[in-house]
Number of protein chains: 4
Amino acid sequence: MNFRSDNEVGAHPAIVEAVGRAFASGSAPSYGADDWTQRVERRLRDLFEKPDLTAFPVATGTAANVLALACCTPAWGAIYCHPQAHINVDEANAPEFFTSGAKLIPIDGPAGKLDPKRLAQVLAEPVYGVVHHPQPAAVSLTQATECGTAYAPEEIAAIATATHRHGLKLHMDGARFANALNFVGCAPAELSWKAGVDVLSLGATKNGAMAAEVVIFFDLELAREFEFRRKRAGHLFSKMRLLSAQLDAYFADGLWLDNARHANAMARLLVAGLTPLQGTQLLYPVDANEVFVVLPAHMHDALQAAGARYHPWPSDRPGERAYRLVTAFDTDPGDVDRFLSVAKSA
Amino acid sequence: MNFRSDNEVGAHPAIVEAVGRAFASGSAPSYGADDWTQRVERRLRDLFEKPDLTAFPVATGTAANVLALACCTPAWGAIYCHPQAHINVDEANAPEFFTSGAKLIPIDGPAGKLDPKRLAQVLAEPVYGVVHHPQPAAVSLTQATECGTAYAPEEIAAIATATHRHGLKLHMDGARFANALNFVGCAPAELSWKAGVDVLSLGATKNGAMAAEVVIFFDLELAREFEFRRKRAGHLFSKMRLLSAQLDAYFADGLWLDNARHANAMARLLVAGLTPLQGTQLLYPVDANEVFVVLPAHMHDALQAAGARYHPWPSDRPGERAYRLVTAFDTDPGDVDRFLSVAKSA
Amino acid sequence: MNFRSDNEVGAHPAIVEAVGRAFASGSAPSYGADDWTQRVERRLRDLFEKPDLTAFPVATGTAANVLALACCTPAWGAIYCHPQAHINVDEANAPEFFTSGAKLIPIDGPAGKLDPKRLAQVLAEPVYGVVHHPQPAAVSLTQATECGTAYAPEEIAAIATATHRHGLKLHMDGARFANALNFVGCAPAELSWKAGVDVLSLGATKNGAMAAEVVIFFDLELAREFEFRRKRAGHLFSKMRLLSAQLDAYFADGLWLDNARHANAMARLLVAGLTPLQGTQLLYPVDANEVFVVLPAHMHDALQAAGARYHPWPSDRPGERAYRLVTAFDTDPGDVDRFLSVAKSA
Amino acid sequence: MNFRSDNEVGAHPAIVEAVGRAFASGSAPSYGADDWTQRVERRLRDLFEKPDLTAFPVATGTAANVLALACCTPAWGAIYCHPQAHINVDEANAPEFFTSGAKLIPIDGPAGKLDPKRLAQVLAEPVYGVVHHPQPAAVSLTQATECGTAYAPEEIAAIATATHRHGLKLHMDGARFANALNFVGCAPAELSWKAGVDVLSLGATKNGAMAAEVVIFFDLELAREFEFRRKRAGHLFSKMRLLSAQLDAYFADGLWLDNARHANAMARLLVAGLTPLQGTQLLYPVDANEVFVVLPAHMHDALQAAGARYHPWPSDRPGERAYRLVTAFDTDPGDVDRFLSVAKSA
């Protein structure tokens, strides 16, 4: 009963096998000139209905986010994001490092979502071209958000409108993009470039891969410097097939969607079982594969005693103890049942 | 007959299988708190006869080099290396990026090796504490060198003496450390910390892994900031087992040494067959798995026609055409035979 | 009637003359080895009652702030400051640049002052040593604040306590330190190191100099890297006497205090004349030389027509139009009278 | 008899007076919107016969050089310069800092001058667009060189041709531009943009100013980011008139040329007196205001005893002791006479 994180689980067998096959096949051109890498880009062009997008595999979510952002801002630029954004609180100043010192400016909003009105207000301030002030350069959304909620296409579009009105670029941290996609139920294009996203960091690691993310540029001009930035950051793999074979399998035959569907379903199962119980309360709507929930002390103690594992989470209300439960592509429904049955008995 | 690079080949089956097993085994603590990562460190402590070394897996050679160097120098520091060093010419200013602007200063020497006398002279210049001048901070050696030669322990020690006399740190880029070790025929400790190396970037990728390197600190004080630097560079893997399982298999049962032994033997086979032939000439002694050789035009043409693949290499003598042949852990002796028989017939 | 900024005014004759004398006196050792620079340090040791402080002249307030901050934080560190702090909104990401990417985290509080309770809460979060999170490294106060208020020694001490409890360093941006000192009426030591300040950027430019600031380290260990940082930022003057002669005159015979006394008195005169008038309202207490005030439209129009010059200022209340009036060491009392008489007639 | 450096001398009275007048004149718009700054730009447009150049005052030569270079290269770029160039050995990695990590690559040549043939060879290497290699971005010349020699227009043009052929930009470090101009005897335009210079760091500090340099862009596209870069580096002066009034006086009535003429003449006087003496030998031709000369031990001892001051200088020939003598705008011909008479008597 491990609900700690979708980065603690293993990898999907189809992905592991694809990597095995790739490395058993002898020599291949290095640094991304191999077949797997080309195939990943072709798959993404199909899946996102955009024949001219460019896509670059990298190994970690932090690398995907910060290499993408570094293409969107000068060193004296400002990047707007939610205060809880992963880039703001969980990446040890990697965005500042890769952008040579750009500033992240928090724009709050409920349930992990950036408030488009507040964003529009801030972007309307007359700082453009004034050398004293950080120059507004990019907005970054997380999809699904750090609160487990998903932006709808029209929510993204509202933010994109404010963003593009002032010439900024829109980045999406899609570490859990597949989970959001499953919830929203639209086409990948509608949840990205058609809604105004210029560059997407699309994650696979949390959804069944071993370590693989892909940076997708819908705005091709932004991609111009990417390959130099990736190389000088030590993120260009000589045996690129390690990343590309994972992504190739991930996007083949709908595996990415299947994995997300399962993870989301397991989260909904938890919600369905927990919310009727006395003393529990959801902190946020559960759109994806993360459940933020207040648990009464005795229930938490019983779950711990039964071997359930999950992280505490800060709650705004004093005295209240909240927790985060994360499901994954391989969450065992039996584990969910056991978890709920312990919770009910408590 | 692909002799282009040891980064174009596949991976050793034992390494691929180890990764497969690691990911089939369900949940594991993230970010390096897993068993594989702990085991790699223990193996290295045994292999290097140093029970207090610390070791950190990363995915690429560039990352290993520049994260290690960044721990050795302030931003206003100078790093001395051979003009042909990988960090100087093949890493797109990654050292400057990760060190926030330290300067690489080339110190020449024959056959890819830094000349210890010239180094000692340069380090004796009275720049210490003078704010105008880059402050000498580190020396970086490549083992085996970019010319395919290997430093003997006493050669390393001579450089280490000059390095430490002035308080600098000694870094070794060991992308092909196993190949050098096989040639020199000593213990790993003698080729590293016992000879004065403070931090070693030890490579596995070119010698049978998919993508895995490990930064080994013999000087523990240097390691203090490593984990923050790795994280903010996006080089901390959540599912670290991907890297550690490779390294675990690499160092188990002498696989790293076996792989290097084979690659070096194949290079010697090439040398033995080529050097008697009219018009060929080695540019450097062949200590490891790289052969730099002048080939007469008709021989080169015949080899190309027969499907042999290898890179041209700059030669100092005008009119001469030199090439680089690289062997690997999986080089087929039959390919070497075929290559030599074409060369002889030409 | 120019109340736009204390950086638009000229310089005090005593300072201009001191510079003239310094440059008429022939050769002098370069880079700060001159008599003026030594004398400035001695004066500061006396004035601040701290015989071991070290002091370094620089030319601009931004340079003073960011060079000081860079000595207080690693690249993966966090610096806490008020959202309106000059370093946060008016220095074009210079802090991020000089710290190689440290993050500024805003801590709000009324009237430009950081709320010590909120600070203590934030600093109590368990992020220390966790590689994912920016590491708390420094707190920066502005004295007088960007709202024209001054911290009392006990207010500084409250912040210093929270700061030092967690091992952070306390920086003070003292661009208007003399104005705050005049208001608080204590000794310089009480408003700085005795209250817990570790490093002070002390300004002269806004208070009668041409361009001169001095970074004063009370915590000597912090100063270790300063001179390298200043040089590599291009902020080390060869003819340092240009800066030091200004500072020498500034701290001689109480000129810095006289200048601030006059500027503050002129601000109080404005307050005394404006606040009785219908429709005016102060945004903040006027402790130093800045008056933030709501003016009714007709009064503003009359003042503009009469040639008064000052900047608009954002007000939180919709519909309200606020302005900033800044006085200086050379503000003509006749100008203040004229301004008030126009305001009264309006 | 101080011949240590042109940065130890005072300032020309006309420059000191101009600053005094500027600061006695009351309020002026800040940050460069003042009359002096505008006037400097107009003067430079006239002097350089280029009505569309843009010019930005800064306070130090390091700032001028590195802000200019940062406009010419991406972080993954390479800047080619002479191994002895000030930017390479005397600026504490400031170029690397301001360019976010670009690499300086030394191109040797006799007497401080970059060898255009060697440069052309290096620039012809096929590294363009290859992500592994630093991307050639700029060439930087020093005029007059660190060896006291001056490039003729056709020498600059030869370098500019190689530079521009590959799309690189040509920067000139003109810390002693006026001295070179006096020697070459051509128009400023012929020694800069007409010969192919894209951006010039033009110094005044060493030639009679207190602290003032100006970055002149002949290639306007390069200037696009300059003002943001200057601000975030803390090099934008609020009371800009301090710099601009110096430059205004410097370029008025030929003062810059008069000062350089005098300094050069004093250097020629030294040469004329020293070279006939037994045991002396010039290291380089004396084109500007620096004399690099071998002095016999007894002569050096006599000069020291008589109070002459100058720096030792490294000589290539073992056993030989060389020295640098620097003259300035205010060098007293009587001092030169005394110096020579001591040398002769020795």
# chains A, B, ... in the order shown; residues from 1 in each chain; ligands from 1

$ select_by_dssp --residues "stretch 10-172 of chain D" --states "strand (DSSP E)" --output "ChimeraX atom specification"
/D:54-58,77-81,103-106,135-142,169-172

$ write_last_selection --atoms "N, CA, C and O atoms" --output "compact mmCIF listing (two decimals), in the first residue's frame"
# COMPACT_ATOMS: atom_id res chain seq x y z
N THR D 54 25.44 54.30 -31.58
CA THR D 54 24.91 54.52 -30.24
C THR D 54 26.05 54.34 -29.25
O THR D 54 26.95 53.52 -29.48
N ALA D 55 25.98 55.10 -28.16
CA ALA D 55 27.11 55.13 -27.22
C ALA D 55 26.58 55.12 -25.80
O ALA D 55 25.62 55.83 -25.48
N PHE D 56 27.21 54.32 -24.95
CA PHE D 56 26.75 54.16 -23.57
C PHE D 56 27.92 54.31 -22.61
O PHE D 56 28.86 53.51 -22.65
N PRO D 57 27.88 55.30 -21.74
CA PRO D 57 28.96 55.47 -20.77
C PRO D 57 28.92 54.40 -19.68
O PRO D 57 27.83 54.01 -19.23
N VAL D 58 30.07 53.93 -19.29
CA VAL D 58 30.21 53.10 -18.08
C VAL D 58 31.46 53.57 -17.34
O VAL D 58 32.22 54.40 -17.86
N GLY D 77 29.15 30.35 -26.86
CA GLY D 77 30.01 30.90 -27.90
C GLY D 77 31.47 30.94 -27.51
O GLY D 77 31.85 30.70 -26.36
N ALA D 78 32.31 31.22 -28.51
CA ALA D 78 33.74 31.38 -28.29
C ALA D 78 34.16 32.77 -28.74
O ALA D 78 33.68 33.28 -29.76
N ILE D 79 35.03 33.38 -27.95
CA ILE D 79 35.59 34.69 -28.24
C ILE D 79 37.09 34.50 -28.44
O ILE D 79 37.77 33.94 -27.57
N TYR D 80 37.62 34.94 -29.55
CA TYR D 80 39.04 34.76 -29.85
C TYR D 80 39.79 36.04 -29.52
O TYR D 80 39.35 37.14 -29.87
N CYS D 81 40.90 35.89 -28.83
CA CYS D 81 41.69 37.06 -28.45
C CYS D 81 43.14 36.64 -28.27
O CYS D 81 43.46 35.46 -28.22
N LYS D 103 33.48 31.09 -23.87
CA LYS D 103 34.87 30.69 -23.70
C LYS D 103 35.80 31.64 -24.46
O LYS D 103 35.53 31.98 -25.61
N LEU D 104 36.89 32.06 -23.81
CA LEU D 104 37.92 32.84 -24.50
C LEU D 104 38.97 31.88 -25.04
O LEU D 104 39.52 31.07 -24.30
N ILE D 105 39.22 31.98 -26.33
CA ILE D 105 40.20 31.10 -26.97
C ILE D 105 41.37 31.94 -27.45
O ILE D 105 41.19 32.85 -28.26
N PRO D 106 42.57 31.67 -26.91
CA PRO D 106 43.73 32.49 -27.27
C PRO D 106 44.25 32.18 -28.68
O PRO D 106 44.38 31.02 -29.06
N GLN D 135 30.64 27.70 -30.08
CA GLN D 135 30.33 28.29 -31.37
C GLN D 135 31.07 29.61 -31.55
O GLN D 135 30.88 30.55 -30.76
N PRO D 136 31.91 29.72 -32.58
CA PRO D 136 32.66 30.97 -32.81
C PRO D 136 31.70 32.15 -32.89
O PRO D 136 30.74 32.13 -33.68
N ALA D 137 31.94 33.16 -32.08
CA ALA D 137 30.99 34.27 -31.98
C ALA D 137 31.62 35.64 -32.12
O ALA D 137 31.01 36.54 -32.69
N ALA D 138 32.83 35.81 -31.61
CA ALA D 138 33.42 37.15 -31.63
C ALA D 138 34.93 37.07 -31.60
O ALA D 138 35.52 36.09 -31.15
N VAL D 139 35.53 38.15 -32.10
CA VAL D 139 36.98 38.33 -31.99
C VAL D 139 37.18 39.65 -31.25
O VAL D 139 36.45 40.61 -31.47
N SER D 140 38.15 39.67 -30.34
CA SER D 140 38.43 40.89 -29.59
C SER D 140 39.89 41.30 -29.76
O SER D 140 40.80 40.51 -29.49
N LEU D 141 40.09 42.52 -30.22
CA LEU D 141 41.43 43.11 -30.36
C LEU D 141 41.65 44.15 -29.28
O LEU D 141 40.70 44.81 -28.86
N THR D 142 42.89 44.35 -28.89
CA THR D 142 43.19 45.45 -27.98
C THR D 142 43.98 46.51 -28.73
O THR D 142 44.96 46.19 -29.41
N LYS D 169 31.47 38.68 -34.75
CA LYS D 169 31.51 40.12 -34.55
C LYS D 169 32.91 40.53 -34.10
O LYS D 169 33.59 39.77 -33.40
N LEU D 170 33.29 41.75 -34.44
CA LEU D 170 34.62 42.23 -34.06
C LEU D 170 34.52 43.31 -32.98
O LEU D 170 33.93 44.37 -33.19
N HIS D 171 35.10 42.99 -31.84
CA HIS D 171 35.14 43.92 -30.71
C HIS D 171 36.54 44.49 -30.57
O HIS D 171 37.52 43.78 -30.80
N MET D 172 36.61 45.75 -30.22
CA MET D 172 37.91 46.36 -29.94
C MET D 172 37.93 46.88 -28.51
O MET D 172 37.07 47.67 -28.12

$ residues_around --residues "stretch 43-52 of chain A" --least-positions-apart "6" --cutoff "9 Å" --atoms "only C-alpha atoms" --output "PDB file with all heavy atoms, in the first residue's frame"
ATOM      1  N   ALA A 187      -8.626  15.990 -27.206  1.00  0.00           N
ATOM      2  CA  ALA A 187      -7.436  15.614 -27.972  1.00  0.00           C
ATOM      3  C   ALA A 187      -6.209  16.324 -27.394  1.00  0.00           C
ATOM      4  O   ALA A 187      -6.333  17.430 -26.857  1.00  0.00           O
ATOM      5  CB  ALA A 187      -7.612  16.013 -29.437  1.00  0.00           C
ATOM      6  N   PRO A 188      -5.030  15.705 -27.514  1.00  0.00           N
ATOM      7  CA  PRO A 188      -3.807  16.361 -27.015  1.00  0.00           C
ATOM      8  C   PRO A 188      -3.631  17.770 -27.574  1.00  0.00           C
ATOM      9  O   PRO A 188      -3.196  18.672 -26.856  1.00  0.00           O
ATOM     10  CB  PRO A 188      -2.694  15.421 -27.504  1.00  0.00           C
ATOM     11  CG  PRO A 188      -3.331  14.078 -27.599  1.00  0.00           C
ATOM     12  CD  PRO A 188      -4.759  14.336 -28.013  1.00  0.00           C
ATOM     13  N   ALA A 189      -3.972  17.962 -28.826  1.00  0.00           N
ATOM     14  CA  ALA A 189      -3.811  19.283 -29.437  1.00  0.00           C
ATOM     15  C   ALA A 189      -4.670  20.329 -28.736  1.00  0.00           C
ATOM     16  O   ALA A 189      -4.255  21.475 -28.556  1.00  0.00           O
ATOM     17  CB  ALA A 189      -4.179  19.226 -30.917  1.00  0.00           C
ATOM     18  N   GLU A 190      -5.890  19.903 -28.355  1.00  0.00           N
ATOM     19  CA  GLU A 190      -6.787  20.870 -27.712  1.00  0.00           C
ATOM     20  C   GLU A 190      -6.299  21.281 -26.329  1.00  0.00           C
ATOM     21  O   GLU A 190      -6.600  22.370 -25.853  1.00  0.00           O
ATOM     22  CB  GLU A 190      -8.197  20.267 -27.587  1.00  0.00           C
ATOM     23  CG  GLU A 190      -8.867  20.068 -28.935  1.00  0.00           C
ATOM     24  CD  GLU A 190     -10.207  19.356 -28.794  1.00  0.00           C
ATOM     25  OE1 GLU A 190     -11.210  20.031 -28.497  1.00  0.00           O
ATOM     26  OE2 GLU A 190     -10.246  18.102 -28.956  1.00  0.00           O
ATOM     27  N   SER A 192      -3.192  21.622 -25.619  1.00  0.00           N
ATOM     28  CA  SER A 192      -1.850  22.215 -25.719  1.00  0.00           C
ATOM     29  C   SER A 192      -1.858  23.378 -26.723  1.00  0.00           C
ATOM     30  O   SER A 192      -2.348  24.454 -26.413  1.00  0.00           O
ATOM     31  CB  SER A 192      -0.827  21.137 -26.085  1.00  0.00           C
ATOM     32  OG  SER A 192      -1.193  20.464 -27.275  1.00  0.00           O
ATOM     33  N   TRP A 193      -1.358  23.143 -27.917  1.00  0.00           N
ATOM     34  CA  TRP A 193      -1.151  24.277 -28.824  1.00  0.00           C
ATOM     35  C   TRP A 193      -2.439  24.945 -29.286  1.00  0.00           C
ATOM     36  O   TRP A 193      -2.451  26.171 -29.488  1.00  0.00           O
ATOM     37  CB  TRP A 193      -0.277  23.882 -30.006  1.00  0.00           C
ATOM     38  CG  TRP A 193      -0.855  22.861 -30.958  1.00  0.00           C
ATOM     39  CD1 TRP A 193      -0.815  21.516 -30.834  1.00  0.00           C
ATOM     40  CD2 TRP A 193      -1.549  23.128 -32.181  1.00  0.00           C
ATOM     41  NE1 TRP A 193      -1.424  20.908 -31.896  1.00  0.00           N
ATOM     42  CE2 TRP A 193      -1.884  21.880 -32.748  1.00  0.00           C
ATOM     43  CE3 TRP A 193      -1.915  24.301 -32.854  1.00  0.00           C
ATOM     44  CZ2 TRP A 193      -2.576  21.768 -33.950  1.00  0.00           C
ATOM     45  CZ3 TRP A 193      -2.607  24.194 -34.062  1.00  0.00           C
ATOM     46  CH2 TRP A 193      -2.938  22.926 -34.594  1.00  0.00           C
ATOM     47  N   ILE A 216       8.426  19.531 -26.237  1.00  0.00           N
ATOM     48  CA  ILE A 216       7.768  19.685 -27.536  1.00  0.00           C
ATOM     49  C   ILE A 216       7.558  21.165 -27.826  1.00  0.00           C
ATOM     50  O   ILE A 216       6.879  21.856 -27.073  1.00  0.00           O
ATOM     51  CB  ILE A 216       6.408  18.970 -27.548  1.00  0.00           C
ATOM     52  CG1 ILE A 216       6.571  17.503 -27.132  1.00  0.00           C
ATOM     53  CG2 ILE A 216       5.747  19.083 -28.919  1.00  0.00           C
ATOM     54  CD1 ILE A 216       5.247  16.762 -26.986  1.00  0.00           C
ATOM     55  N   PHE A 218       5.842  23.853 -30.050  1.00  0.00           N
ATOM     56  CA  PHE A 218       4.817  24.172 -31.049  1.00  0.00           C
ATOM     57  C   PHE A 218       5.197  25.475 -31.750  1.00  0.00           C
ATOM     58  O   PHE A 218       4.872  25.687 -32.905  1.00  0.00           O
ATOM     59  CB  PHE A 218       3.455  24.286 -30.380  1.00  0.00           C
ATOM     60  CG  PHE A 218       3.067  23.055 -29.631  1.00  0.00           C
ATOM     61  CD1 PHE A 218       2.951  23.064 -28.239  1.00  0.00           C
ATOM     62  CD2 PHE A 218       2.852  21.853 -30.302  1.00  0.00           C
ATOM     63  CE1 PHE A 218       2.615  21.920 -27.545  1.00  0.00           C
ATOM     64  CE2 PHE A 218       2.509  20.695 -29.599  1.00  0.00           C
ATOM     65  CZ  PHE A 218       2.396  20.738 -28.220  1.00  0.00           C
ATOM     66  N   LEU A 220       8.037  27.096 -33.270  1.00  0.00           N
ATOM     67  CA  LEU A 220       9.338  26.589 -33.718  1.00  0.00           C
ATOM     68  C   LEU A 220      10.479  27.557 -33.481  1.00  0.00           C
ATOM     69  O   LEU A 220      11.618  27.157 -33.239  1.00  0.00           O
ATOM     70  CB  LEU A 220       9.266  26.245 -35.204  1.00  0.00           C
ATOM     71  CG  LEU A 220       8.262  25.137 -35.549  1.00  0.00           C
ATOM     72  CD1 LEU A 220       8.453  24.684 -36.975  1.00  0.00           C
ATOM     73  CD2 LEU A 220       8.403  23.976 -34.578  1.00  0.00           C
ATOM     74  N   ASP A 248       9.186   5.948 -27.378  1.00  0.00           N
ATOM     75  CA  ASP A 248       8.584   5.267 -28.524  1.00  0.00           C
ATOM     76  C   ASP A 248       7.515   4.281 -28.041  1.00  0.00           C
ATOM     77  O   ASP A 248       6.386   4.261 -28.551  1.00  0.00           O
ATOM     78  CB  ASP A 248       9.699   4.537 -29.284  1.00  0.00           C
ATOM     79  CG  ASP A 248       9.225   3.963 -30.597  1.00  0.00           C
ATOM     80  OD1 ASP A 248       8.326   4.563 -31.221  1.00  0.00           O
ATOM     81  OD2 ASP A 248       9.752   2.913 -30.995  1.00  0.00           O
ATOM     82  N   PHE A 251       4.363   6.127 -26.370  1.00  0.00           N
ATOM     83  CA  PHE A 251       3.355   6.736 -27.232  1.00  0.00           C
ATOM     84  C   PHE A 251       2.737   5.728 -28.209  1.00  0.00           C
ATOM     85  O   PHE A 251       1.796   6.052 -28.926  1.00  0.00           O
ATOM     86  CB  PHE A 251       3.943   7.918 -27.996  1.00  0.00           C
ATOM     87  CG  PHE A 251       4.290   9.074 -27.109  1.00  0.00           C
ATOM     88  CD1 PHE A 251       5.597   9.501 -26.967  1.00  0.00           C
ATOM     89  CD2 PHE A 251       3.296   9.718 -26.377  1.00  0.00           C
ATOM     90  CE1 PHE A 251       5.922  10.566 -26.135  1.00  0.00           C
ATOM     91  CE2 PHE A 251       3.612  10.782 -25.533  1.00  0.00           C
ATOM     92  CZ  PHE A 251       4.928  11.197 -25.420  1.00  0.00           C
ATOM     93  N   ALA A 252       3.317   4.498 -28.242  1.00  0.00           N
ATOM     94  CA  ALA A 252       2.782   3.491 -29.167  1.00  0.00           C
ATOM     95  C   ALA A 252       1.529   2.854 -28.575  1.00  0.00           C
ATOM     96  O   ALA A 252       1.447   2.640 -27.357  1.00  0.00           O
ATOM     97  CB  ALA A 252       3.842   2.421 -29.419  1.00  0.00           C
TER      98      ALA A 252
END

$ interface_residues --of "chain B" --to "chain A" --cutoff "7 Å" --atoms "only C-alpha atoms" --output "VMD selection string"
chain B and resid 7 to 11 16 20 23 to 30 60 62 to 63 91 to 94 210 to 211 231 to 234 237 to 239 242

$ residues_around --residues "A:Asp258" --least-positions-apart "6" --cutoff "12 Å" --atoms "only C-alpha atoms" --output "list in words"
His12, Ala178, Asn179, Leu181, Asn182, Asn207, Gly208, Tyr250, Phe251, Ala252, Asn264, Ala265, Ala328, Phe329 and Asp330 of chain A

$ closest_residue --among "C:Ile87, C:Ala144, C:Leu282, C:Ala14" --to "C:Gly112" --atoms "only C-alpha atoms"
C:Ala144

$ select_by_dssp --residues "stretch 121-293 of chain D" --states "alpha helix (DSSP H)" --output "ChimeraX atom specification"
/D:121-123,153-165,177-184,226-232,241-251,255-274

$ atom_distance --atom1 "atom CA of C:Leu269" --atom2 "atom CA of C:Pro333"
8.6 Å

$ atom_distance --atom1 "atom CA of C:Thr275" --atom2 "atom CA of C:Trp313"
17.4 Å

$ atom_distance --atom1 "atom CA of D:Gln121" --atom2 "atom CA of D:Ile107"
10.4 Å

$ residues_around --residues "C:Met299" --least-positions-apart "5" --cutoff "8 Å" --atoms "only C-alpha atoms" --output "PyMOL selection string"
chain C and resi 342-343+346

$ residues_around --residues "stretch 285-294 of chain A" --least-positions-apart "2" --cutoff "10 Å" --atoms "only C-alpha atoms" --output "number ranges by chain"
A: 3-6, 111, 143-151, 176-184, 260-268, 270-271, 274-275, 279-283, 296-297, 300, 311-315, 320-329
